[in-house]
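Undergrad: One structure follows; several queries about it will come next.
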Amino acid sequence: MRLARRAFVPAVLALIVCSSPAAGQVAGVNIGPTFVTFSSEELDFETRTGFHVGLFLGSSRDKAIGIQTELNFLRKKVDTQPGRRLTVDYFQVPVLLRLNTRVSSANGFGVYGVVGPAISLRIAEELEGFRLGDGFENFDVGLVFGSGFEVARIIVEGRYEIGMRRLNNITFTPPTQITAQAFTVLFGARFK
């Protein structure tokens, strides 16, 4: 499974680069804090600040509608009920519909919204220095939506992600499911 996860990143990069024409495409980077909430009926979690680092590729902002693909690293952190810190790292690939206010100047002010699915592959998980092994599912599927603005190629965005799958492989008594929601504030720069 580890080999499959390692091969996934170059395969996705090659697919994105080869499948879209270079004309009209933009790329950039984004980074910011992410605040995750793990939800469960039986367990209590306290939100801690994780982070998001990513690369985005998509259609130019002079079009009203476009597609934006991202390659992101996410670190999600929470404190568990007995007061231990839980950290789960993901490689995430969202494919987002992007709605833009049309801007003709590369340095002009524009507002946009994004919505779409995201697949997150678990890279690692740790409970205060102890690897959990298979305590969490290998992947999560979420719905991402948000909005932001861009001026002079600088981007500020807020986004919310709703996890659609049960995350835990660990069986609890009584049975419980852990799901995740996250709010992220992103700061970025567009290259083209």
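Going through the structure tokens in order, the chains are called A, B, and so on, while each chain numbers its residues from 1 and the ligands are numbered from 1 in the order shown.
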Do you have, as JSON lines, the list of residues of stretch 53-119 of chain A lying at most 6 Å from stretch 151-159 of chain A, each with its nearest atom pair and that distance in Å to one decimal, counting only C-alpha atoms and ordered by chain then number?
TA:
{"residue": "A:Asn107", "atom": "CA", "partner": "A:Ala152", "partner_atom": "CA", "distance": 3.9}
{"residue": "A:Gly108", "atom": "CA", "partner": "A:Val151", "partner_atom": "CA", "distance": 5.6}
{"residue": "A:Phe109", "atom": "CA", "partner": "A:Val151", "partner_atom": "CA", "distance": 4.5}
Undergrad: What lies within 10 Å of A:Leu99 using only C-alpha atoms, ignoring chain neighbours under 5 positions off, as a compact mmCIF listing (two decimals) with N, CA and C atoms, in the first residue's frame?
TA:
# COMPACT_ATOMS: atom_id res chain seq x y z
N ARG A 61 -8.20 33.33 -14.57
CA ARG A 61 -9.27 34.03 -13.87
C ARG A 61 -10.03 35.01 -14.74
N LYS A 63 -11.80 34.01 -17.14
CA LYS A 63 -13.00 33.26 -17.53
C LYS A 63 -13.96 33.20 -16.34
N ALA A 64 -15.25 33.21 -16.60
CA ALA A 64 -16.24 33.19 -15.52
C ALA A 64 -16.28 31.84 -14.79
N ILE A 65 -16.05 30.75 -15.52
CA ILE A 65 -16.10 29.41 -14.92
C ILE A 65 -14.86 28.65 -15.35
N GLY A 66 -14.26 27.94 -14.40
CA GLY A 66 -13.10 27.13 -14.71
C GLY A 66 -12.96 25.96 -13.75
N ILE A 67 -11.97 25.12 -14.01
CA ILE A 67 -11.66 23.98 -13.16
C ILE A 67 -10.30 24.22 -12.53
N VAL A 111 -12.91 38.43 -7.30
CA VAL A 111 -13.51 37.59 -6.25
C VAL A 111 -13.89 36.27 -6.91
N TYR A 112 -13.79 35.18 -6.16
CA TYR A 112 -14.12 33.88 -6.71
C TYR A 112 -14.70 32.96 -5.64
N GLY A 113 -15.31 31.89 -6.10
CA GLY A 113 -15.80 30.82 -5.23
C GLY A 113 -15.36 29.48 -5.79
N VAL A 114 -15.19 28.50 -4.91
CA VAL A 114 -14.80 27.15 -5.34
C VAL A 114 -15.71 26.12 -4.67
N VAL A 115 -15.96 25.03 -5.38
CA VAL A 115 -16.72 23.92 -4.81
C VAL A 115 -16.34 22.65 -5.57
N SER A 147 -14.54 30.59 -0.67
CA SER A 147 -14.46 31.79 -1.51
C SER A 147 -13.22 32.58 -1.13
Undergrad: Please identify all polymer residues within 6 Å of A:Leu71, counting only C-alpha atoms, omitting same-chain residues fewer than 4 positions from it, and present them as a PyMOL selection string.
TA: chain A and resi 54-55+93
Undergrad: Looking at only C-alpha atoms, which of A:Gly142, A:Thr184, A:Arg84, A:Glu128 is the one that sits closest to A:Gly50?
TA: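 Closest residue, counting only C-alpha atoms: A:Thr184.
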Undergrad: Might you pull out every residue within 6 Å of A:Asp89, with only C-alpha atoms counted and same-chain residues fewer than 3 positions away left off, and present them as JSON, numbers by chain?
TA: {"A": [74, 75, 122, 123, 124]}
Undergrad: For each of A:Arg190, A:Gly116, A:Lys77, A:Thr179, take the minimum atom-to-atom distance to A:Ser59, counting only C-alpha atoms, then give the residue where this is smallest.
TA: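 The shortest atom-to-atom distance to A:Ser59 comes from A:Arg190.
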Undergrad: Contacts of A:Ala118 at 7 Å or less, counting only C-alpha atoms, minus same-chain residues fewer than 3 places along, as a list of chain:residue names?
TA: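 So, after excluding close chain neighbours, the residues are A:Gln92, A:Val93, A:Pro94, A:Val95, A:Val141, A:Gly142, A:Leu143, A:Val144.
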Undergrad: Generate the output file for the selected residues, C-alpha atoms, as a compact mmCIF listing (two decimals), in the first residue's frame.
TA:
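Below is the file that was written, result.txt:
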# COMPACT_ATOMS: atom_id res chain seq x y z
CA GLN A 92 -5.08 15.70 -0.84
CA VAL A 93 -6.22 16.13 -4.46
CA PRO A 94 -9.32 18.32 -4.84
CA VAL A 95 -10.92 19.03 -8.21
CA VAL A 141 -13.47 11.76 0.55
CA GLY A 142 -14.72 15.25 1.25
CA LEU A 143 -16.70 18.12 -0.19
CA VAL A 144 -14.77 21.40 -0.34
Undergrad: Of the residues A:Val88, A:Ala180, A:Met164, A:Ile31, which is the one nearest to A:Leu121, using only C-alpha atoms?
TA: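 Closest candidate: A:Val88.
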Undergrad: Within 8 Å of A:Ala182, counting only C-alpha atoms, which residues qualify if same-chain residues fewer than 6 places away don't, as a PyMOL selection string?
TA: chain A and resi 34-37+160-162
Undergrad: Identify, on the basis of only C-alpha atoms, every residue whose closest approach to A:Pro33 does not exceed 8 Å; exclude the query and any residue fewer than 5 positions from it along the same chain; express the result as a PyMOL selection string.
TA: chain A and resi 49-52+184-186
